[in-house]
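Text of structure_27.txt (compact mmCIF, C-alpha atoms and all ligand atoms) as supplied:
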```txt
# COMPACT_ATOMS: atom_id res chain seq x y z
CA MET G 192 1.55 -6.20 33.31
CA ALA G 193 -1.74 -5.23 31.71
CA ARG G 194 -3.71 -7.94 29.99
CA LYS G 195 -6.41 -6.92 27.58
CA LEU G 196 -9.28 -8.97 26.24
CA LEU G 197 -11.27 -8.31 23.08
CA ARG G 198 -14.76 -9.86 23.12
CA GLY G 199 -17.94 -9.72 21.09
CA THR G 200 -16.06 -10.29 17.86
CA VAL G 201 -16.25 -13.04 15.22
CA ASP G 202 -13.70 -14.48 12.79
CA LEU G 203 -14.09 -14.15 9.03
CA HIS G 204 -16.33 -17.22 8.91
CA GLY G 205 -18.67 -15.67 11.49
CA ASN G 206 -17.59 -17.87 14.42
CA PRO G 207 -17.11 -16.18 17.82
CA LEU G 208 -13.46 -15.22 18.39
CA SER G 209 -12.00 -13.46 21.42
CA VAL G 210 -8.39 -12.31 21.65
CA LEU G 211 -6.32 -11.93 24.81
CA TRP G 212 -3.01 -10.09 24.82
CA GLU G 213 -0.41 -8.87 27.24
CA GLU G 214 1.70 -5.82 26.38
CA ASP G 215 2.29 -6.20 22.64
CA ARG G 216 1.96 -10.02 22.33
CA ILE G 217 -1.09 -12.20 21.73
CA LEU G 218 -1.51 -14.70 24.59
CA ALA G 219 -4.59 -16.62 23.51
CA LEU G 220 -7.39 -16.81 20.97
CA GLY G 221 -10.64 -18.70 21.33
CA PRO G 222 -14.41 -18.68 21.09
CA GLU G 223 -14.77 -17.92 24.80
CA ILE G 224 -12.03 -16.48 27.04
CA PRO G 225 -13.20 -15.69 30.61
CA GLU G 226 -13.13 -12.02 31.60
CA THR G 227 -11.25 -12.93 34.74
CA GLU G 228 -8.14 -13.51 32.58
CA ALA G 229 -7.89 -9.79 31.77
CA ASP G 230 -7.31 -6.46 33.50
CA GLU G 231 -9.25 -4.64 30.80
CA VAL G 232 -12.07 -5.83 28.54
CA LEU G 233 -12.85 -4.30 25.16
CA GLU G 234 -16.38 -5.23 24.09
CA VAL G 235 -16.66 -4.59 20.35
CA GLU G 236 -19.01 -5.98 17.72
CA GLY G 237 -17.58 -6.92 14.35
CA THR G 238 -15.15 -9.18 12.49
CA VAL G 239 -11.59 -9.31 13.78
CA PHE G 240 -8.65 -9.43 11.36
CA PRO G 241 -4.89 -9.11 11.75
CA GLY G 242 -3.92 -5.41 11.44
CA PHE G 243 -3.55 -4.43 7.79
CA ILE G 244 -0.05 -3.83 6.42
CA ASP G 245 0.56 -1.39 3.57
CA PRO G 246 3.96 -1.69 1.86
CA HIS G 247 3.42 1.46 -0.22
CA VAL G 248 2.38 4.83 1.19
CA HIS G 249 3.55 8.41 0.75
CA LEU G 250 3.51 10.38 4.00
CA ARG G 251 5.25 13.36 2.35
CA THR G 252 7.64 13.94 5.24
CA PRO G 253 10.08 15.66 5.11
CA GLY G 254 9.35 18.53 2.76
CA GLN G 255 5.68 18.38 1.81
CA GLU G 256 3.92 18.42 5.15
CA HIS G 257 1.10 20.51 3.67
CA LYS G 258 0.03 17.28 1.88
CA GLU G 259 0.54 14.87 4.82
CA THR G 260 2.54 14.53 8.02
CA LEU G 261 3.66 11.37 9.80
CA GLU G 262 0.96 12.16 12.36
CA THR G 263 -1.97 12.66 9.95
CA GLY G 264 -0.85 9.70 7.84
CA ALA G 265 -0.59 7.44 10.90
CA ARG G 266 -4.05 8.54 12.11
CA ALA G 267 -5.52 7.83 8.68
CA ALA G 268 -3.83 4.43 8.74
CA ALA G 269 -5.27 3.58 12.19
CA HIS G 270 -8.72 4.75 11.04
CA GLY G 271 -8.45 2.45 8.01
CA GLY G 272 -7.34 -0.57 10.09
CA PHE G 273 -3.65 -0.44 9.11
CA THR G 274 -1.17 -1.14 11.89
CA THR G 275 2.04 -1.13 9.79
CA VAL G 276 2.80 1.12 6.81
CA VAL G 277 5.96 1.60 4.76
CA THR G 278 6.58 5.12 3.52
CA MET G 279 8.37 5.90 0.28
CA PRO G 280 11.59 7.96 0.20
CA ASN G 281 10.65 10.34 -2.66
CA THR G 282 10.53 13.20 -0.18
CA ASP G 283 12.36 16.52 -0.10
CA PRO G 284 15.15 15.79 0.65
CA PRO G 285 14.98 12.16 -0.54
CA LEU G 286 15.79 9.55 2.12
CA ASP G 287 19.25 8.55 0.96
CA ARG G 288 21.24 9.26 4.16
CA PRO G 289 21.16 7.24 7.40
CA GLU G 290 20.89 10.30 9.66
CA LEU G 291 17.64 11.30 7.92
CA LEU G 292 16.18 7.86 8.60
CA ARG G 293 17.29 7.90 12.22
CA GLY G 294 15.60 11.30 12.75
CA LEU G 295 12.35 10.07 11.22
CA TYR G 296 12.33 6.87 13.31
CA GLU G 297 12.78 9.05 16.38
CA GLU G 298 9.67 11.06 15.36
CA ALA G 299 7.71 7.92 14.46
CA ARG G 300 8.01 6.48 17.98
CA GLN G 301 5.09 8.67 19.14
CA LEU G 302 2.74 7.51 16.38
CA PRO G 303 -0.32 5.29 16.95
CA VAL G 304 0.78 2.71 14.31
CA ASP G 305 4.12 1.31 13.16
CA VAL G 306 5.50 3.59 10.43
CA ARG G 307 8.53 2.10 8.67
CA PHE G 308 10.75 3.81 6.14
CA ALA G 309 12.11 2.62 2.82
CA ALA G 310 15.34 4.23 1.61
CA CYS G 311 16.45 5.33 -1.86
CA LEU G 312 17.97 2.89 -4.34
CA SER G 313 20.11 5.64 -5.85
CA VAL G 314 21.68 8.83 -4.49
CA GLY G 315 19.10 11.62 -4.68
CA ARG G 316 16.88 9.25 -6.74
CA LYS G 317 18.93 10.43 -9.69
CA GLY G 318 19.82 6.91 -10.88
CA ARG G 319 23.56 7.51 -11.22
CA ALA G 320 25.11 5.96 -8.09
CA ILE G 321 24.00 3.81 -5.19
CA PRO G 322 23.82 5.28 -1.66
CA GLU G 323 25.43 3.81 1.46
CA MET G 324 22.94 0.97 1.55
CA PRO G 325 24.47 -1.02 4.45
CA LEU G 326 24.30 2.08 6.68
CA LEU G 327 20.74 2.78 5.54
CA ALA G 328 19.74 -0.79 6.37
CA GLU G 329 21.36 -0.38 9.78
CA ALA G 330 19.37 2.85 10.29
CA GLY G 331 16.12 0.92 9.73
CA ALA G 332 15.46 0.91 5.98
CA VAL G 333 12.99 -1.96 5.51
CA ALA G 334 13.34 -1.84 1.73
CA PHE G 335 15.01 0.09 -1.07
CA THR G 336 13.15 1.98 -3.79
CA ASP G 337 13.30 4.99 -6.09
CA ASP G 338 9.48 4.93 -6.26
CA GLY G 339 8.11 7.73 -8.39
CA SER G 340 10.64 6.74 -11.00
CA TRP G 341 12.39 3.65 -12.27
CA LEU G 342 16.12 3.08 -11.90
CA GLU G 343 16.73 3.19 -15.62
CA ASP G 344 20.48 2.54 -15.87
CA ALA G 345 20.78 -1.25 -15.81
CA HIS G 346 24.35 -1.18 -14.50
CA VAL G 347 23.51 1.02 -11.51
CA ALA G 348 20.35 -1.03 -10.94
CA TYR G 349 22.42 -4.22 -10.97
CA GLN G 350 24.69 -2.83 -8.24
CA ALA G 351 21.74 -1.63 -6.15
CA TYR G 352 19.75 -4.88 -6.48
CA ALA G 353 22.82 -7.00 -5.68
CA MET G 354 23.50 -4.92 -2.56
CA ALA G 355 19.86 -5.16 -1.46
CA ALA G 356 20.10 -8.94 -1.88
CA ALA G 357 23.27 -9.03 0.24
CA LEU G 358 21.49 -6.99 2.93
CA ASN G 359 18.39 -9.22 2.74
CA ARG G 360 16.11 -6.28 1.94
CA PRO G 361 13.52 -6.25 -0.84
CA VAL G 362 13.69 -3.85 -3.78
CA LEU G 363 10.38 -2.11 -4.41
CA SER G 364 10.53 -1.18 -8.07
CA HIS G 365 8.31 1.35 -9.86
CA PRO G 366 8.46 -0.41 -13.23
CA GLU G 367 7.98 2.27 -15.82
CA ASP G 368 10.45 2.98 -18.58
CA PRO G 369 10.06 6.74 -19.15
CA ARG G 370 11.47 6.51 -22.68
CA TRP G 371 8.10 5.20 -23.87
CA HIS G 372 6.27 8.50 -23.51
CA ARG G 373 6.60 12.28 -23.22
CA GLY G 374 4.52 13.74 -20.43
CA GLY G 375 1.82 11.06 -20.61
CA VAL G 376 -1.14 11.60 -18.29
CA ALA G 377 -3.46 8.68 -19.10
CA HIS G 378 -3.54 5.14 -20.47
CA GLN G 379 -2.58 5.21 -24.14
CA GLY G 380 -5.78 3.84 -25.63
CA GLU G 381 -8.85 4.86 -27.55
CA ARG G 382 -10.26 7.01 -24.78
CA ALA G 383 -7.14 9.15 -24.32
CA LEU G 384 -6.79 9.44 -28.08
CA LYS G 385 -10.37 10.69 -28.43
CA LEU G 386 -9.82 13.30 -25.72
CA GLY G 387 -6.40 14.31 -27.05
CA LEU G 388 -4.56 13.38 -23.84
CA PRO G 389 -0.91 12.26 -24.09
CA GLY G 390 -0.77 8.54 -23.34
CA ILE G 391 1.39 6.11 -21.36
CA PRO G 392 1.47 2.74 -23.18
CA ARG G 393 1.40 -0.66 -21.46
CA GLU G 394 4.82 -1.32 -22.98
CA SER G 395 6.46 1.27 -20.71
CA GLU G 396 5.58 -1.03 -17.80
CA GLU G 397 5.97 -4.38 -19.52
CA LEU G 398 9.52 -3.76 -20.72
CA ALA G 399 10.60 -2.38 -17.35
CA VAL G 400 9.17 -5.52 -15.70
CA VAL G 401 11.17 -7.70 -18.10
CA ARG G 402 14.42 -5.85 -17.28
CA ASP G 403 13.74 -6.02 -13.54
CA LEU G 404 13.02 -9.76 -13.68
CA ALA G 405 16.33 -10.29 -15.50
CA LEU G 406 18.11 -8.44 -12.70
CA ALA G 407 16.27 -10.47 -10.07
CA ARG G 408 17.52 -13.60 -11.80
CA LEU G 409 21.08 -12.24 -11.84
CA THR G 410 21.19 -10.96 -8.27
CA GLY G 411 18.70 -13.14 -6.37
CA VAL G 412 17.08 -10.03 -4.89
CA ARG G 413 13.57 -10.16 -3.43
CA LEU G 414 11.85 -8.08 -6.11
CA HIS G 415 8.51 -6.41 -5.48
CA LEU G 416 6.98 -4.89 -8.62
CA GLN G 417 4.88 -1.96 -7.51
CA HIS G 418 1.45 -0.96 -8.81
CA ILE G 419 1.15 -3.36 -11.76
CA SER G 420 -1.37 -1.82 -14.16
CA ALA G 421 -1.08 -3.66 -17.49
CA HIS G 422 -2.33 -7.16 -18.25
CA THR G 423 0.64 -7.57 -20.63
CA SER G 424 3.05 -7.48 -17.66
CA LEU G 425 1.46 -10.52 -16.05
CA PRO G 426 2.73 -13.42 -18.22
CA HIS G 427 6.32 -12.31 -17.56
CA ILE G 428 5.76 -12.18 -13.80
CA ARG G 429 3.97 -15.55 -13.81
CA ARG G 430 6.86 -17.16 -15.64
CA ALA G 431 9.38 -15.75 -13.15
CA VAL G 432 7.32 -17.00 -10.21
CA ALA G 433 7.07 -20.45 -11.82
CA GLU G 434 10.86 -20.41 -12.20
CA GLY G 435 11.10 -19.92 -8.44
CA LEU G 436 12.31 -16.31 -8.38
CA PRO G 437 11.37 -14.43 -5.17
CA VAL G 438 9.07 -12.00 -6.98
CA THR G 439 5.85 -10.34 -5.81
CA ALA G 440 3.43 -8.13 -7.71
CA GLU G 441 1.60 -5.22 -6.14
CA VAL G 442 -2.00 -4.42 -6.95
CA THR G 443 -3.55 -1.12 -5.89
CA PRO G 444 -7.20 -0.42 -5.08
CA HIS G 445 -7.52 2.02 -8.01
CA HIS G 446 -6.23 -0.43 -10.62
CA LEU G 447 -8.68 -3.02 -9.25
CA LEU G 448 -11.69 -0.71 -9.07
CA PHE G 449 -11.53 1.78 -11.96
CA THR G 450 -10.94 1.92 -15.71
CA ASP G 451 -9.99 4.71 -18.08
CA GLU G 452 -13.68 5.20 -18.72
CA ALA G 453 -13.25 7.66 -15.86
CA LEU G 454 -11.40 9.95 -18.28
CA GLU G 455 -14.82 10.96 -19.60
CA THR G 456 -15.56 12.62 -16.25
CA PHE G 457 -12.46 14.85 -16.51
CA ASP G 458 -12.27 14.36 -12.74
CA PRO G 459 -8.54 14.64 -11.93
CA ARG G 460 -9.02 12.56 -8.79
CA PHE G 461 -8.73 9.57 -11.14
CA LYS G 462 -5.35 10.75 -12.44
CA VAL G 463 -2.63 8.41 -11.25
CA ASN G 464 0.68 6.96 -12.36
CA PRO G 465 0.76 4.30 -13.72
CA PRO G 466 -2.63 5.16 -15.20
CA ILE G 467 -5.83 3.22 -14.68
CA ARG G 468 -6.19 1.25 -17.89
CA GLU G 469 -8.88 -0.72 -19.71
CA GLU G 470 -11.41 -3.33 -18.57
CA ALA G 471 -9.09 -6.16 -19.73
CA ASP G 472 -6.36 -4.88 -17.40
CA ARG G 473 -8.66 -4.39 -14.43
CA ASP G 474 -10.22 -7.82 -14.84
CA ALA G 475 -6.83 -9.55 -15.19
CA LEU G 476 -5.64 -7.88 -11.97
CA ARG G 477 -8.77 -8.99 -10.14
CA LYS G 478 -8.10 -12.58 -11.21
CA LEU G 479 -4.56 -12.26 -9.88
CA LEU G 480 -5.60 -11.67 -6.26
CA PRO G 481 -5.90 -15.36 -5.25
CA GLU G 482 -2.24 -15.88 -6.27
CA THR G 483 -0.15 -15.79 -3.11
CA TRP G 484 2.54 -13.65 -4.75
CA THR G 485 0.09 -10.77 -5.13
CA VAL G 486 0.31 -8.08 -2.44
CA MET G 487 -2.08 -5.18 -1.88
CA GLY G 488 -0.37 -1.80 -1.69
CA THR G 489 -2.48 1.33 -1.72
CA ASP G 490 0.10 3.80 -3.11
CA HIS G 491 -1.60 6.28 -0.76
CA ALA G 492 -0.67 9.61 -2.38
CA PRO G 493 -2.25 12.58 -0.60
CA HIS G 494 -2.44 15.96 -2.32
CA THR G 495 -4.09 19.24 -1.29
CA VAL G 496 -7.62 20.03 -2.48
CA PHE G 497 -6.17 23.03 -4.30
CA GLU G 498 -3.77 20.93 -6.40
CA LYS G 499 -6.40 18.40 -7.36
CA GLU G 500 -8.64 21.21 -8.65
CA PHE G 501 -6.28 21.82 -11.57
CA ASP G 502 -7.41 20.39 -14.88
CA TRP G 503 -6.43 16.88 -15.97
CA LEU G 504 -3.15 17.93 -17.60
CA GLU G 505 -1.90 19.98 -14.65
CA ALA G 506 -3.18 18.01 -11.63
CA PRO G 507 -0.65 15.86 -9.73
CA PHE G 508 -0.81 12.05 -9.89
CA GLY G 509 -2.27 9.94 -7.07
CA LEU G 510 -5.17 8.98 -4.80
CA SER G 511 -5.51 9.17 -1.03
CA TRP G 512 -6.42 5.73 0.33
CA LEU G 513 -5.48 4.93 3.92
CA ASP G 514 -8.81 5.93 5.51
CA LEU G 515 -11.03 4.00 3.11
CA ALA G 516 -9.06 1.33 1.19
CA PHE G 517 -10.50 -1.68 3.01
CA SER G 518 -14.10 -0.38 2.87
CA ALA G 519 -13.76 0.38 -0.85
CA LEU G 520 -12.34 -3.05 -1.69
CA TYR G 521 -14.82 -4.85 0.54
CA THR G 522 -17.76 -2.95 -0.98
CA HIS G 523 -16.77 -3.27 -4.63
CA LEU G 524 -14.94 -6.61 -4.79
CA VAL G 525 -15.99 -8.83 -1.88
CA ARG G 526 -19.70 -8.00 -1.59
CA PRO G 527 -20.40 -8.55 -5.32
CA GLY G 528 -18.56 -11.89 -5.08
CA LEU G 529 -15.58 -11.00 -7.29
CA VAL G 530 -12.97 -11.73 -4.61
CA ASP G 531 -13.41 -13.65 -1.39
CA LEU G 532 -12.89 -11.99 1.96
CA ALA G 533 -10.13 -14.35 3.11
CA THR G 534 -8.15 -13.62 -0.07
CA LEU G 535 -8.48 -9.85 0.28
CA VAL G 536 -7.43 -9.99 3.93
CA GLU G 537 -4.43 -12.23 3.19
CA ALA G 538 -3.28 -9.78 0.48
CA MET G 539 -3.44 -7.00 3.07
CA THR G 540 -1.83 -8.88 5.99
CA LEU G 541 0.18 -12.09 5.67
CA ARG G 542 1.60 -11.45 2.20
CA PRO G 543 2.95 -7.93 2.86
CA ALA G 544 4.35 -9.17 6.20
CA ARG G 545 6.31 -11.85 4.33
CA LEU G 546 7.50 -9.39 1.70
CA LEU G 547 8.84 -7.06 4.38
CA GLY G 548 10.34 -9.80 6.52
CA LEU G 549 8.02 -8.92 9.44
CA GLY G 550 7.47 -12.46 10.71
CA ASP G 551 5.91 -11.27 13.98
CA ARG G 552 2.73 -10.00 12.32
CA GLY G 553 0.22 -10.51 9.52
CA VAL G 554 -1.66 -13.32 11.26
CA LEU G 555 -3.67 -13.73 14.47
CA LYS G 556 -1.78 -16.34 16.44
CA GLU G 557 -0.39 -16.86 19.92
CA GLY G 558 2.97 -15.13 20.31
CA LYS G 559 2.48 -12.75 17.39
CA ARG G 560 2.36 -8.98 17.79
CA ALA G 561 -1.01 -7.75 19.05
CA ASP G 562 -1.95 -5.90 15.85
CA LEU G 563 -5.62 -6.23 15.01
CA VAL G 564 -8.61 -4.50 13.53
CA VAL G 565 -12.33 -4.98 14.13
CA VAL G 566 -14.62 -4.13 11.22
CA ASP G 567 -18.41 -4.06 11.27
CA LEU G 568 -18.94 -5.47 7.79
CA ALA G 569 -22.71 -4.89 7.77
CA ALA G 570 -22.48 -1.21 8.71
CA THR G 571 -22.03 1.59 6.17
CA TRP G 572 -20.32 4.96 6.21
CA GLN G 573 -19.76 7.81 3.82
CA PRO G 574 -16.17 9.05 3.67
CA THR G 575 -16.05 12.83 3.59
CA PRO G 576 -13.29 15.42 3.96
CA ARG G 577 -14.42 15.85 7.56
CA ASN G 578 -14.52 12.25 8.80
CA THR G 579 -11.21 11.18 7.22
CA PHE G 580 -7.86 11.79 8.90
CA SER G 581 -5.48 12.06 5.93
CA ARG G 582 -4.73 15.59 4.75
CA GLY G 583 -5.32 14.26 1.24
CA LYS G 584 -9.03 14.24 0.39
CA ASN G 585 -8.28 13.24 -3.21
CA ASN G 586 -10.32 10.10 -3.72
CA PRO G 587 -13.27 9.79 -6.12
CA LEU G 588 -15.12 7.55 -3.64
CA MET G 589 -15.51 10.48 -1.23
CA GLY G 590 -19.21 10.87 -0.56
CA GLU G 591 -20.09 7.36 -1.68
CA MET G 592 -21.79 4.91 0.71
CA LEU G 593 -19.32 2.14 1.63
CA PHE G 594 -19.76 -1.04 3.65
CA GLY G 595 -17.26 -1.96 6.39
CA VAL G 596 -16.84 0.41 9.32
CA VAL G 597 -13.66 0.09 11.37
CA ARG G 598 -14.68 -0.02 15.04
CA LEU G 599 -11.30 -0.66 16.64
CA THR G 600 -7.64 -0.77 15.65
CA VAL G 601 -5.04 -2.11 18.06
CA ALA G 602 -1.34 -1.71 17.26
CA ALA G 603 1.32 -3.36 19.42
CA GLY G 604 -1.35 -3.97 22.08
CA GLU G 605 -2.46 -0.31 22.32
CA VAL G 606 -5.71 1.14 21.02
CA ALA G 607 -4.73 3.17 17.94
CA TYR G 608 -8.27 4.03 16.87
CA ARG G 609 -11.70 3.46 18.35
CA GLY G 610 -14.85 4.46 16.47
ZN ZN Z 1 5.29 4.41 -7.97
```

Could you rewrite the structure in this file as structure tokens?
Amino acid sequence: MARKLLRGTVDLHGNPLSVLWEEDRILALGPEIPETEADEVLEVEGTVFPGFIDPHVHLRTPGQEHKETLETGARAAAHGGFTTVVTMPNTDPPLDRPELLRGLYEEARQLPVDVRFAACLSVGRKGRAIPEMPLLAEAGAVAFTDDGSWLEDAHVAYQAYAMAAALNRPVLSHPEDPRWHRGGVAHQGERALKLGLPGIPRESEELAVVRDLALARLTGVRLHLQHISAHTSLPHIRRAVAEGLPVTAEVTPHHLLFTDEALETFDPRFKVNPPIREEADRDALRKLLPETWTVMGTDHAPHTVFEKEFDWLEAPFGLSWLDLAFSALYTHLVRPGLVDLATLVEAMTLRPARLLGLGDRGVLKEGKRADLVVVDLAATWQPTPRNTFSRGKNNPLMGEMLFGVVRLTVAAGEVAYRG
């Protein structure tokens, strides 16, 4: 059995840290592990972290492979240091039947990182009836979600959340009550008003969060509130956490990094749902990161260059993140001292692992899965359409100089990416 040794690396405090693994399990960690212990030595300079875990990506398969495939998405993930990603079921057809999931898992076996699938909360994502959730769980659904829309009917939602609780799977909810707006494309605030853009108010999220928390209380489900964007949602979530409900809140890179000031650029690469909001929202989300119930999810949403060249009203929602999320967050939050490195890494590793019930990963420890990433934090790179692997090039940070270059990604003991 092949034993591999990673050397030359340091931990996040800068102390030397080598990692030895056999097959897909970590055997030992320490400042100095002799080369004689291993059949193969990987000499890499940089900081070693547990492989990143993203509970929220769109790999567009089946049905929209011109935007992303499992293969391009998995390569982008490996390039960005992610070793586990969970893809959303708002595909064409939607993932509401077990045979669809089984087919996708068959395809995913060849991929360089672990791609897991979430299944629909309602049949066809139409919100009228629940699918065969026990069979979907058996076919590998790691979570249930109608992401892209909210399960509006409280009675159907009650049934779905109760079933998810019985199956011990989390519900990933896209909390947005659509009755609060008509075709909104931006945060409903002064900037959208000035530009004449139809708005999406904070209340559309806040009231959906309140309903979802009530259902979590009723059903006991593990509730993950996706892409929280409004500071007004936070007191409700805090109260629920204090009550002891198993609730987590997702923060995305774009809601942490940008504000609706970007509307002035008319650059549709900033168009996303829920919308990037005001400074007060961004700053409140940044302060949330040290809370252990906050989980980073990128909401990686690749689109073609062609689609993102439409004007603001017509362009589709979403940003492409897998290749550059860590570098962007490290550059703009950690380096200026707004968030500490250990906190960012925990939000991208241990916390999503817990949310998804993946106890074998999210931390570098003997016996855990050999999922790791080595990042040269002092080195810079410039993401471009050519050096990124996702088919989606829709990110406004393309072309910007970012700190943090991924040198090596190892997933289940195998090299998934080497720079
Ligand atoms: Zn969503």

request  = Compare G:His422, G:His427, G:His249, G:Arg545 by their minimum atom-to-atom distance to ligand ZN 1 (chain Z), counting all atoms listed in the file, and give me the closest one.
outcome  =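 For ligand ZN 1 (chain Z), the nearest of the given residues is G:His249.
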
query = Quick one: of G:Leu363, G:Ala356, G:Ala603, G:Leu524, who's nearest to ligand ZN 1 (chain Z), counting all atoms listed in the file?
reply = G:Leu363

request  = Please write out the residues within 6 Å of ligand ZN 1 (chain Z) as an NGL selection string, counting only C-alpha atoms and all ligand atoms.
outcome  = :G and (338-339 or 365)

query = Within 9 Å of (17.7, 4.4, -20.0), in the coordinates the file gives, what residues turn up when you count only C-alpha atoms, written out as a ChimeraX atom specification?
reply = /G:342-345,368-370

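With all atoms listed in the file as the basis for measurement, G:Leu286 is the residue among G:Val565, G:Leu520, G:Leu286, G:Ala332 that approaches G:Cys311 most closely.
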
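Closest to G:Gly488 among G:Phe273, G:Phe308, G:Phe449, G:Phe580 is G:Phe273, based on only C-alpha atoms.
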
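Counting all atoms listed in the file and comparing G:Arg393, G:Leu599, G:Ser424, G:Gln573, the residue that lies closest to G:Arg198 is G:Leu599.
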
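For the choices G:Leu593, G:Val201, G:Glu223, G:Pro303, the atom-to-atom distance to G:His270 is smallest for G:Pro303 when using all atoms listed in the file.
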
ask   = Using all atoms listed in the file, can you list as a VMD selection string the residues within 12 Å of (-1.0, 18.7, -13.6)?
value = chain G and resid 374 to 377 459 to 460 462 to 464 494 497 to 509

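Separating atom CA of G:His491 from atom CA of G:Leu510 is a distance of 6.0 Å.
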
All residues 9 Å or closer to G:Val530, all atoms listed in the file, same chain fewer than 2 positions away omitted, as number ranges by chain = G: 477-478, 480-481, 521, 524-528, 532-535

request  = One decimal, Å: what's the distance from atom CA of G:Glu441 over to atom CA of G:Glu290, could you say?
outcome  = 29.4 Å

query = Neighbours of G:Trp371 within 12 Å (only C-alpha atoms; same-chain residues fewer than 3 positions away dropped), as a list in words?
reply =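 So, after excluding close chain neighbours, the residues are Glu367, Asp368, Gly374, Gly375, Gln379, Pro389, Gly390, Ile391, Pro392, Arg393, Glu394, Ser395, Glu396, Glu397, Leu398 and Ala399 of chain G.
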